[in-house]
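**Q** Here you go, input-v5.txt (compact mmCIF, C-alpha atoms):
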```
# COMPACT_ATOMS: atom_id res chain seq x y z
CA MET G 11 0.00 0.00 0.00
CA THR G 12 1.06 3.60 -0.57
CA ASP G 13 0.79 6.35 2.03
CA SER G 14 -2.24 7.69 0.20
CA THR G 15 -4.19 4.42 0.51
CA ARG G 16 -3.20 3.37 4.04
CA ALA G 17 -5.32 4.25 7.05
CA VAL G 18 -4.02 7.24 9.01
CA PHE G 19 -5.98 6.87 12.27
CA TYR G 20 -5.64 3.76 14.42
CA LYS G 21 -7.73 3.56 17.58
CA MET G 22 -5.60 1.93 20.27
CA GLY G 23 -6.26 -0.95 22.63
CA ASN G 24 -4.17 -0.24 25.71
CA VAL G 25 -2.87 -2.46 28.51
CA ILE G 26 -3.84 -1.47 32.05
CA GLN G 27 -1.19 -2.57 34.57
CA ASP G 28 -2.61 -3.67 37.94
CA TYR G 29 0.36 -2.81 40.15
CA ALA G 30 -0.44 -2.93 43.88
CA TRP G 31 -0.02 0.83 44.40
CA GLY G 32 -2.67 1.69 41.82
CA SER G 33 -6.13 3.14 42.37
CA VAL G 34 -9.18 0.91 42.09
CA THR G 35 -11.46 3.84 41.23
CA SER G 36 -9.62 6.73 39.54
CA ILE G 37 -9.33 5.53 35.93
CA GLU G 38 -12.88 4.21 36.00
CA HIS G 39 -14.16 7.49 37.47
CA LEU G 40 -12.27 9.82 35.14
CA PHE G 41 -12.65 7.89 31.89
CA ALA G 42 -15.61 5.53 32.40
CA ILE G 43 -13.35 2.53 31.73
CA PRO G 44 -14.97 -0.37 33.63
CA ASN G 45 -12.98 -2.07 36.36
CA LEU G 46 -15.03 -5.24 36.54
CA GLN G 47 -12.53 -7.18 38.67
CA GLN G 48 -11.97 -4.23 41.03
CA LYS G 49 -8.19 -4.57 40.74
CA PRO G 50 -5.86 -1.61 41.25
CA GLN G 51 -5.60 0.16 37.89
CA ALA G 52 -2.15 1.70 38.20
CA GLU G 53 -1.03 2.55 34.68
CA MET G 54 -2.56 2.53 31.23
CA TRP G 55 0.23 2.15 28.67
CA MET G 56 0.02 3.74 25.23
CA GLY G 57 2.92 2.76 23.02
CA ALA G 58 5.03 -0.10 21.74
CA HIS G 59 6.89 -1.18 24.89
CA ALA G 60 7.38 -4.95 25.07
CA ASN G 61 6.00 -5.15 28.62
CA GLY G 62 2.64 -3.68 27.64
CA CYS G 63 2.33 -3.10 23.91
CA SER G 64 -0.80 -1.39 22.60
CA THR G 65 -2.81 -2.98 19.81
CA ILE G 66 -4.49 -1.51 16.74
CA ILE G 67 -6.78 -2.85 14.01
CA VAL G 68 -5.12 -3.23 10.61
CA ASN G 69 -7.21 -4.58 7.73
CA GLY G 70 -9.70 -6.01 10.19
CA GLU G 71 -7.13 -7.81 12.33
CA THR G 72 -5.77 -6.97 15.80
CA VAL G 73 -2.05 -6.20 15.52
CA ARG G 74 0.56 -5.24 18.14
CA LEU G 75 1.65 -1.67 17.56
CA ALA G 76 5.32 -2.72 17.63
CA ASP G 77 4.66 -5.26 14.85
CA PHE G 78 2.84 -2.66 12.76
CA ILE G 79 5.73 -0.20 13.13
CA ALA G 80 8.18 -2.92 12.06
CA THR G 81 6.43 -3.31 8.71
CA ASP G 82 7.64 0.11 7.52
CA PRO G 83 9.37 2.08 10.27
CA ASP G 84 10.61 4.92 8.06
CA ALA G 85 7.05 5.73 6.99
CA ILE G 86 5.30 4.96 10.27
CA ILE G 87 7.53 6.59 12.90
CA GLY G 88 9.47 8.76 10.45
CA ALA G 89 12.86 8.25 8.81
CA GLU G 90 14.62 10.63 11.18
CA THR G 91 13.16 8.93 14.28
CA GLN G 92 14.02 5.50 12.91
CA ALA G 93 17.61 6.55 12.19
CA LYS G 94 18.07 8.02 15.68
CA PHE G 95 16.08 5.62 17.88
CA ALA G 96 15.13 2.56 15.77
CA GLU G 97 11.81 2.40 17.68
CA LEU G 98 8.93 4.52 18.90
CA PRO G 99 11.08 6.49 21.36
CA TYR G 100 8.48 7.27 24.01
CA LEU G 101 5.91 5.57 26.21
CA PHE G 102 2.73 7.49 27.08
CA LYS G 103 0.73 6.59 30.19
CA VAL G 104 -2.16 7.38 32.44
CA LEU G 105 -0.81 6.87 35.97
CA ALA G 106 -3.17 6.53 38.95
CA ALA G 107 -1.40 6.20 42.31
CA GLU G 108 -3.32 5.36 45.47
CA LYS G 109 -0.11 4.49 47.34
CA ALA G 110 3.37 5.93 46.95
CA LEU G 111 5.70 4.57 44.30
CA SER G 112 9.30 3.81 45.25
CA VAL G 113 11.81 6.62 45.66
CA GLN G 114 13.90 6.18 42.54
CA VAL G 115 16.58 7.50 40.22
CA HIS G 116 16.91 6.89 36.50
CA PRO G 117 20.40 6.75 34.96
CA SER G 118 21.56 9.03 32.18
CA LYS G 119 21.83 7.64 28.66
CA HIS G 120 25.59 7.16 29.03
CA GLN G 121 25.28 5.52 32.44
CA ALA G 122 22.55 3.20 31.19
CA GLU G 123 24.65 2.07 28.24
CA ILE G 124 27.60 1.25 30.52
CA GLY G 125 25.48 -0.45 33.17
CA TYR G 126 23.48 -2.48 30.69
CA ALA G 127 26.61 -3.72 28.91
CA LYS G 128 28.19 -4.66 32.24
CA GLU G 129 25.18 -6.67 33.43
CA GLU G 130 24.84 -8.35 30.04
CA LYS G 131 28.50 -9.35 30.16
CA ILE G 132 28.29 -10.95 33.61
CA GLY G 133 25.08 -12.74 32.67
CA ILE G 134 22.44 -11.28 35.00
CA ALA G 135 19.07 -12.28 33.57
CA ARG G 136 17.08 -9.27 32.37
CA ASN G 137 14.13 -10.29 34.53
CA ALA G 138 16.27 -11.01 37.62
CA ALA G 139 15.26 -9.24 40.83
CA ASN G 140 18.79 -7.88 41.24
CA ARG G 141 19.03 -6.50 37.71
CA ASN G 142 19.51 -2.71 37.64
CA TYR G 143 19.58 -2.04 33.90
CA LYS G 144 16.81 -3.57 31.79
CA ASP G 145 17.89 -1.68 28.66
CA PRO G 146 20.61 0.76 27.54
CA ASN G 147 18.36 3.84 27.61
CA HIS G 148 17.70 6.79 29.87
CA LYS G 149 14.23 7.49 31.27
CA PRO G 150 13.47 11.19 31.55
CA GLU G 151 9.80 11.79 32.38
CA LEU G 152 7.12 14.46 32.28
CA VAL G 153 3.96 14.28 34.39
CA PHE G 154 0.81 16.34 33.73
CA ALA G 155 -1.67 16.37 36.62
CA LEU G 156 -5.29 15.41 36.04
CA THR G 157 -6.12 15.48 39.77
CA PRO G 158 -4.16 16.96 42.69
CA TYR G 159 -0.89 15.06 42.28
CA GLN G 160 1.54 14.79 45.18
CA ALA G 161 5.16 13.95 44.45
CA MET G 162 8.77 14.25 45.56
CA ASN G 163 11.32 15.65 43.12
CA GLY G 164 14.95 16.63 43.69
CA PHE G 165 16.88 17.47 46.85
CA ARG G 166 15.82 20.24 49.20
CA GLN G 167 18.31 22.98 49.96
CA ILE G 168 21.00 21.42 52.17
CA ALA G 169 20.48 23.92 54.97
CA GLU G 170 16.79 22.98 55.03
CA ILE G 171 17.68 19.28 55.24
CA VAL G 172 20.03 19.96 58.13
CA THR G 173 17.36 21.96 59.98
CA LEU G 174 14.75 19.23 59.56
CA PHE G 175 17.05 16.49 60.83
CA GLN G 176 18.29 18.63 63.70
CA THR G 177 14.65 19.24 64.67
CA LEU G 178 14.07 15.47 64.80
CA ASN G 179 17.05 15.12 67.16
CA ILE G 180 17.41 11.37 66.57
CA GLU G 181 20.37 10.12 68.58
CA VAL G 182 21.31 7.14 66.41
CA ILE G 183 21.92 9.37 63.37
CA SER G 184 23.20 12.46 65.21
CA ASP G 185 26.77 11.91 63.97
CA LEU G 186 25.57 11.77 60.34
CA VAL G 187 23.56 14.96 60.76
CA ALA G 188 26.52 16.71 62.39
CA LYS G 189 28.76 15.77 59.46
CA LEU G 190 26.26 17.17 56.97
CA ALA G 191 25.87 20.35 59.01
CA ALA G 192 29.65 20.79 58.90
CA ASN G 193 29.94 20.00 55.18
CA GLN G 194 26.96 21.50 53.35
CA THR G 195 28.22 20.63 49.87
CA GLU G 196 27.17 18.18 47.17
CA ALA G 197 29.81 15.77 48.46
CA GLY G 198 28.49 16.13 51.99
CA LEU G 199 24.91 15.55 50.85
CA GLY G 200 25.99 12.49 48.87
CA ALA G 201 27.74 10.98 51.88
CA PHE G 202 24.70 11.68 54.10
CA PHE G 203 22.23 10.24 51.59
CA GLU G 204 24.29 7.07 51.15
CA SER G 205 24.77 6.65 54.90
CA MET G 206 21.04 7.03 55.57
CA LEU G 207 20.11 4.47 52.90
CA SER G 208 22.74 2.08 54.27
CA LEU G 209 21.34 1.96 57.82
CA GLU G 210 20.55 -1.62 58.78
CA GLY G 211 19.30 -3.73 61.65
CA GLU G 212 18.91 -2.10 65.05
CA HIS G 213 20.29 1.23 63.83
CA LYS G 214 17.67 1.47 61.10
CA ASP G 215 14.84 0.31 63.35
CA SER G 216 15.83 2.77 66.06
CA ALA G 217 16.01 5.67 63.60
CA VAL G 218 12.65 4.86 62.01
CA ASN G 219 10.95 4.38 65.37
CA ALA G 220 12.28 7.71 66.63
CA LEU G 221 11.13 9.39 63.42
CA LEU G 222 7.59 8.06 63.77
CA ALA G 223 7.43 8.98 67.46
CA PHE G 224 8.30 12.57 66.51
CA CYS G 225 5.72 12.55 63.69
CA LYS G 226 2.92 11.39 65.99
CA VAL G 227 3.56 14.30 68.32
CA ASN G 228 3.73 16.76 65.39
CA GLN G 229 1.18 15.32 62.98
CA GLU G 230 -0.64 18.63 62.66
CA GLN G 231 2.20 19.60 60.32
CA PRO G 232 1.55 18.31 56.77
CA LEU G 233 5.07 16.91 56.27
CA PHE G 234 4.94 14.76 59.40
CA ALA G 235 1.35 13.71 58.69
CA LEU G 236 2.58 12.52 55.28
CA LEU G 237 5.33 10.46 56.91
CA LEU G 238 2.78 8.70 59.12
CA GLU G 239 0.68 7.91 56.04
CA LEU G 240 3.71 6.52 54.21
CA ALA G 241 4.64 4.46 57.28
CA GLU G 242 1.28 2.67 57.06
CA GLN G 243 2.05 1.78 53.44
CA TYR G 244 5.72 0.85 53.93
CA PRO G 245 6.30 0.06 57.63
CA GLY G 246 9.90 0.16 58.77
CA ASP G 247 11.17 1.36 55.37
CA ILE G 248 14.27 3.56 55.33
CA GLY G 249 12.60 5.54 52.53
CA LEU G 250 10.42 7.18 55.19
CA PHE G 251 13.28 9.66 55.60
CA ALA G 252 13.12 10.62 51.90
CA PRO G 253 10.54 13.44 52.27
CA LEU G 254 12.91 15.14 54.70
CA MET G 255 15.61 15.21 52.03
CA LEU G 256 13.52 15.72 48.87
CA ASN G 257 11.15 18.47 47.80
CA VAL G 258 7.50 17.56 48.39
CA LEU G 259 4.93 19.32 46.24
CA THR G 260 1.39 18.88 44.97
CA LEU G 261 0.65 19.65 41.34
CA GLN G 262 -2.83 21.01 40.70
CA PRO G 263 -4.83 19.76 37.69
CA GLY G 264 -3.28 21.18 34.55
CA GLU G 265 0.20 21.65 36.03
CA ALA G 266 3.21 19.72 34.72
CA MET G 267 6.66 18.77 35.97
CA PHE G 268 9.78 17.32 34.35
CA LEU G 269 11.87 14.68 36.11
CA SER G 270 15.48 14.59 34.98
CA ALA G 271 17.90 11.71 34.87
CA CYS G 272 20.02 11.26 38.01
CA THR G 273 17.43 13.04 40.19
CA PRO G 274 15.67 11.19 43.03
CA HIS G 275 11.90 11.39 42.88
CA ALA G 276 8.71 9.55 43.77
CA TYR G 277 5.02 9.85 43.00
CA ILE G 278 2.97 9.79 46.19
CA LYS G 279 -0.69 10.05 45.23
CA GLY G 280 -2.85 11.25 42.36
CA THR G 281 -3.71 10.67 38.71
CA GLY G 282 -1.90 12.20 35.78
CA LEU G 283 -0.58 11.71 32.29
CA GLU G 284 3.05 10.64 32.07
CA ILE G 285 5.33 10.53 29.06
CA MET G 286 8.85 9.13 29.17
CA ALA G 287 11.64 7.75 27.07
CA ASN G 288 11.03 4.12 26.15
CA SER G 289 12.94 2.57 29.06
CA ASP G 290 12.39 0.50 32.20
CA ASN G 291 15.57 1.41 34.10
CA VAL G 292 14.89 2.12 37.78
CA LEU G 293 17.37 2.39 40.67
CA ARG G 294 15.43 2.39 43.95
CA ALA G 295 16.08 4.34 47.15
CA GLY G 296 13.27 3.28 49.46
CA LEU G 297 9.51 2.93 49.91
CA THR G 298 9.74 -0.44 48.23
CA PRO G 299 10.14 -4.14 48.98
CA LYS G 300 12.14 -4.46 45.76
CA PHE G 301 15.90 -4.70 45.25
CA MET G 302 18.00 -1.70 46.30
CA ASP G 303 21.60 -1.32 45.12
CA VAL G 304 22.76 1.67 47.19
CA PRO G 305 26.28 2.05 45.71
CA GLU G 306 24.93 1.90 42.14
CA LEU G 307 22.15 4.33 43.03
CA VAL G 308 24.58 6.82 44.54
CA ALA G 309 26.87 6.52 41.51
CA ASN G 310 23.93 7.54 39.31
CA THR G 311 22.68 10.43 41.45
CA GLU G 312 23.46 14.13 41.15
CA PHE G 313 23.45 15.68 44.63
CA THR G 314 22.24 19.08 43.51
CA SER G 315 19.55 20.98 45.40
CA MET G 316 16.53 22.07 43.38
CA ALA G 317 14.39 25.07 44.29
CA VAL G 318 10.81 23.86 44.73
CA ASP G 319 9.40 26.95 43.00
CA LYS G 320 11.39 26.07 39.87
CA LEU G 321 10.08 22.52 39.47
CA LEU G 322 6.89 23.25 37.54
CA LEU G 323 7.05 23.58 33.76
CA ALA G 324 5.48 26.72 32.34
CA PRO G 325 4.03 25.90 28.91
CA THR G 326 4.50 27.95 25.78
CA VAL G 327 1.17 28.99 24.28
CA ALA G 328 1.33 28.72 20.48
CA GLU G 329 -0.61 27.39 17.52
CA GLY G 330 -3.68 26.72 19.64
CA GLY G 331 -1.96 24.55 22.23
CA LEU G 332 0.04 24.46 25.45
CA HIS G 333 3.51 23.10 24.69
CA TYR G 334 5.71 21.74 27.49
CA HIS G 335 9.33 21.93 26.39
CA VAL G 336 11.70 19.25 27.68
CA PRO G 337 15.50 19.00 27.31
CA VAL G 338 15.49 15.61 25.56
CA PRO G 339 14.75 14.56 21.94
CA ASP G 340 12.82 11.39 22.86
CA PHE G 341 9.44 13.03 23.25
CA LYS G 342 7.35 16.19 23.07
CA PHE G 343 4.10 16.87 24.89
CA SER G 344 1.27 19.30 24.23
CA VAL G 345 -2.26 19.85 25.51
CA TYR G 346 -5.10 21.43 23.52
CA LYS G 347 -8.25 22.92 25.05
CA GLN G 348 -11.54 23.57 23.26
CA VAL G 349 -10.20 23.61 19.71
CA HIS G 350 -12.45 23.51 16.66
CA ASP G 351 -10.92 21.91 13.57
CA ILE G 352 -7.38 23.00 14.42
CA ALA G 353 -4.84 22.06 11.73
CA LEU G 354 -1.86 20.05 12.98
CA GLN G 355 1.26 18.92 11.13
CA ASN G 356 3.13 15.75 12.04
CA THR G 357 6.59 14.53 11.02
CA SER G 358 6.73 11.75 13.59
CA ALA G 359 4.33 9.14 14.93
CA GLU G 360 1.84 10.66 17.37
CA ILE G 361 -0.54 9.46 20.06
CA LEU G 362 -3.53 11.60 20.97
CA PHE G 363 -5.48 11.00 24.19
CA ALA G 364 -8.95 12.38 24.85
CA ILE G 365 -8.88 13.68 28.44
CA ASP G 366 -12.37 14.81 29.31
CA ALA G 367 -14.50 15.04 26.15
CA PRO G 368 -14.89 13.40 22.73
CA LEU G 369 -12.09 14.12 20.24
CA THR G 370 -12.59 13.96 16.49
CA VAL G 371 -9.66 13.80 14.06
CA THR G 372 -10.01 14.26 10.31
CA HIS G 373 -7.58 13.73 7.43
CA HIS G 374 -7.66 15.34 3.99
CA ASN G 375 -8.18 11.87 2.48
CA GLY G 376 -11.63 11.88 4.06
CA GLU G 377 -10.85 9.55 6.96
CA THR G 378 -12.28 10.58 10.33
CA LEU G 379 -12.32 9.06 13.80
CA THR G 380 -14.04 10.08 17.03
CA LEU G 381 -12.63 9.05 20.40
CA GLU G 382 -14.49 9.09 23.69
CA LYS G 383 -12.71 10.38 26.79
CA GLY G 384 -10.08 7.89 27.96
CA GLN G 385 -9.42 6.63 24.43
CA SER G 386 -6.35 7.17 22.26
CA VAL G 387 -5.36 7.12 18.61
CA PHE G 388 -2.05 6.32 16.92
CA ILE G 389 -1.24 8.54 13.93
CA PRO G 390 1.70 7.46 11.73
CA ALA G 391 4.22 9.96 10.43
CA TYR G 392 2.98 9.40 6.88
CA ALA G 393 -0.30 11.15 7.76
CA LYS G 394 1.70 14.42 7.56
CA ALA G 395 -1.26 16.58 8.57
CA TYR G 396 -4.71 16.30 10.13
CA SER G 397 -7.27 18.42 11.96
CA ALA G 398 -8.67 17.98 15.47
CA HIS G 399 -11.92 19.04 17.10
CA CYS G 400 -12.54 18.80 20.84
CA ASP G 401 -14.85 20.71 23.18
CA GLY G 402 -12.70 19.65 26.15
CA MET G 403 -9.01 18.75 26.43
CA PHE G 404 -6.78 16.31 24.62
CA ALA G 405 -3.09 15.52 24.97
CA ARG G 406 -0.60 15.00 22.17
CA ALA G 407 2.51 12.82 22.49
CA TYR G 408 5.09 12.99 19.68
CA ASN G 409 8.81 13.56 19.12
```
Reformat the file's structure so that it appears as structure tokens.
**A**
Amino acid sequence: MTDSTRAVFYKMGNVIQDYAWGSVTSIEHLFAIPNLQQKPQAEMWMGAHANGCSTIIVNGETVRLADFIATDPDAIIGAETQAKFAELPYLFKVLAAEKALSVQVHPSKHQAEIGYAKEEKIGIARNAANRNYKDPNHKPELVFALTPYQAMNGFRQIAEIVTLFQTLNIEVISDLVAKLAANQTEAGLGAFFESMLSLEGEHKDSAVNALLAFCKVNQEQPLFALLLELAEQYPGDIGLFAPLMLNVLTLQPGEAMFLSACTPHAYIKGTGLEIMANSDNVLRAGLTPKFMDVPELVANTEFTSMAVDKLLLAPTVAEGGLHYHVPVPDFKFSVYKQVHDIALQNTSAEILFAIDAPLTVTHHNGETLTLEKGQSVFIPAYAKAYSAHCDGMFARAYN
């Protein structure tokens, strides 16, 4: 088939991952997607990732999106994208967290390539519990809040960390706090972070117990109330100290945030759209029963404080949309509100998601498709241009 005779709009069938931290109600409530088994609906994946590949209908048959792309990648994802990435370079998600996700860091592209090659060479199975690098890619992320969305992102100012820990006055870690107070540098923060994560046995138990005792007395303060809530989800976890070291913020619906490589972060609660590079590399730092490799984590972390008022992304308003610029080539993200037959150009493969109202897309070849809220469409690069009509909001993932 030629580009002029192939379909240009492919409604997507998307995998919903039922991870334990997910919400039983949020996706069903927001998008009227039935949850008949009442399982936690944590993430809806839109893309071609092997662990949850979307499907489309091609000539009347259900086809994995990855298999469709493989039939003609230059035309479907674009020759430039194919040359640079050799795959659809992003994964688009709805993420609905009822419980906190693990505190984590994603490696840079260079670090991932080195780590992946090393683990391949020594023969660690890719699905092994102690495997750090599932692929040789980085995993920068952007999250766009659909509900109030609480998260941790980046280190607090070091002086603020020192003050918080001094206020706790926990004897078993007093030496560590004193060292940080005397060396308020990136090196000092790195040593403190590693030492805290490395606490074990009675020392860890004593520190956590003292922390929770303090929180119970001071639970009228939101930060300490949060720690008590996290302690119910992850009892005894060393990651309970993470909110004292990392910025805690709540995005309001319509706000967005970028999460860089080498920066510790965690999603705490809420539902949002998330777009990321097509990777599954996660180094964990707490709030998890999963494998933690502290030395590897520290080696992949930048101990730079981030001002909390600088974390939100301010969109550029242009061509009828809100465009959230990110410092990576793997993906772009835009949101459109109440647009009537807006003309859009595409040079790469795109995924559109109807957020809160029906979305209709139309091509000059006469093809048209209407999505209900919670549905998505895959648009190959060979479409080149189309128009969109929506009385509410829709999101656009592309690169």
**Q** In Å to one decimal, how far is atom CA of Pro368 of chain G from atom CA of Glu382 of chain G?
**A**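 It comes out at 4.4 Å.
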**Q** Check the smallest atom-to-atom distance from each of G:Lys342, G:His335, G:Lys49, G:Arg16 to Val34 of chain G using only C-alpha atoms, then report the winner.
**A**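 For Val34 of chain G, the nearest of the given residues is G:Lys49.
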**Q** Using all atoms listed in the file, find the one residue out of G:Gly211, G:Pro150, G:Pro299, G:Pro232 that sits nearest to Cys272 of chain G.
**A**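 Among the listed residues, the smallest separation from Cys272 of chain G belongs to G:Pro150.
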**Q** Using atom CA of Lys128 of chain G and atom CA of Asp145 of chain G as the two end points, give the distance in Å to one decimal.
**A**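 Distance reported for this atom pair: 11.3 Å.
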**Q** Taking into account all atoms listed in the file, which residue in the set G:Gly57, G:Ala220, G:Leu332, G:Arg406 is nearest to Leu178 of chain G?
**A**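 Between G:Gly57, G:Ala220, G:Leu332, G:Arg406, the residue approaching Leu178 of chain G most closely is G:Ala220.
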**Q** Which residue, G:Leu46, G:Met162, G:Ile168, G:Met22, has the smallest gap to Leu233 of chain G when you use all atoms listed in the file?
**A** G:Met162
**Q** One decimal, in Å: what's the spacing between atom CA of Met255 of chain G and atom CA of Phe175 of chain G?
**A**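 Atom-to-atom, atom CA of Met255 of chain G to atom CA of Phe175 of chain G, that is 9.0 Å.
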**Q** With all atoms listed in the file as the basis for distance, which of G:Pro339, G:Phe202, G:Val68, G:His39 is at the shortest distance from Lys94 of chain G?
**A** G:Pro339
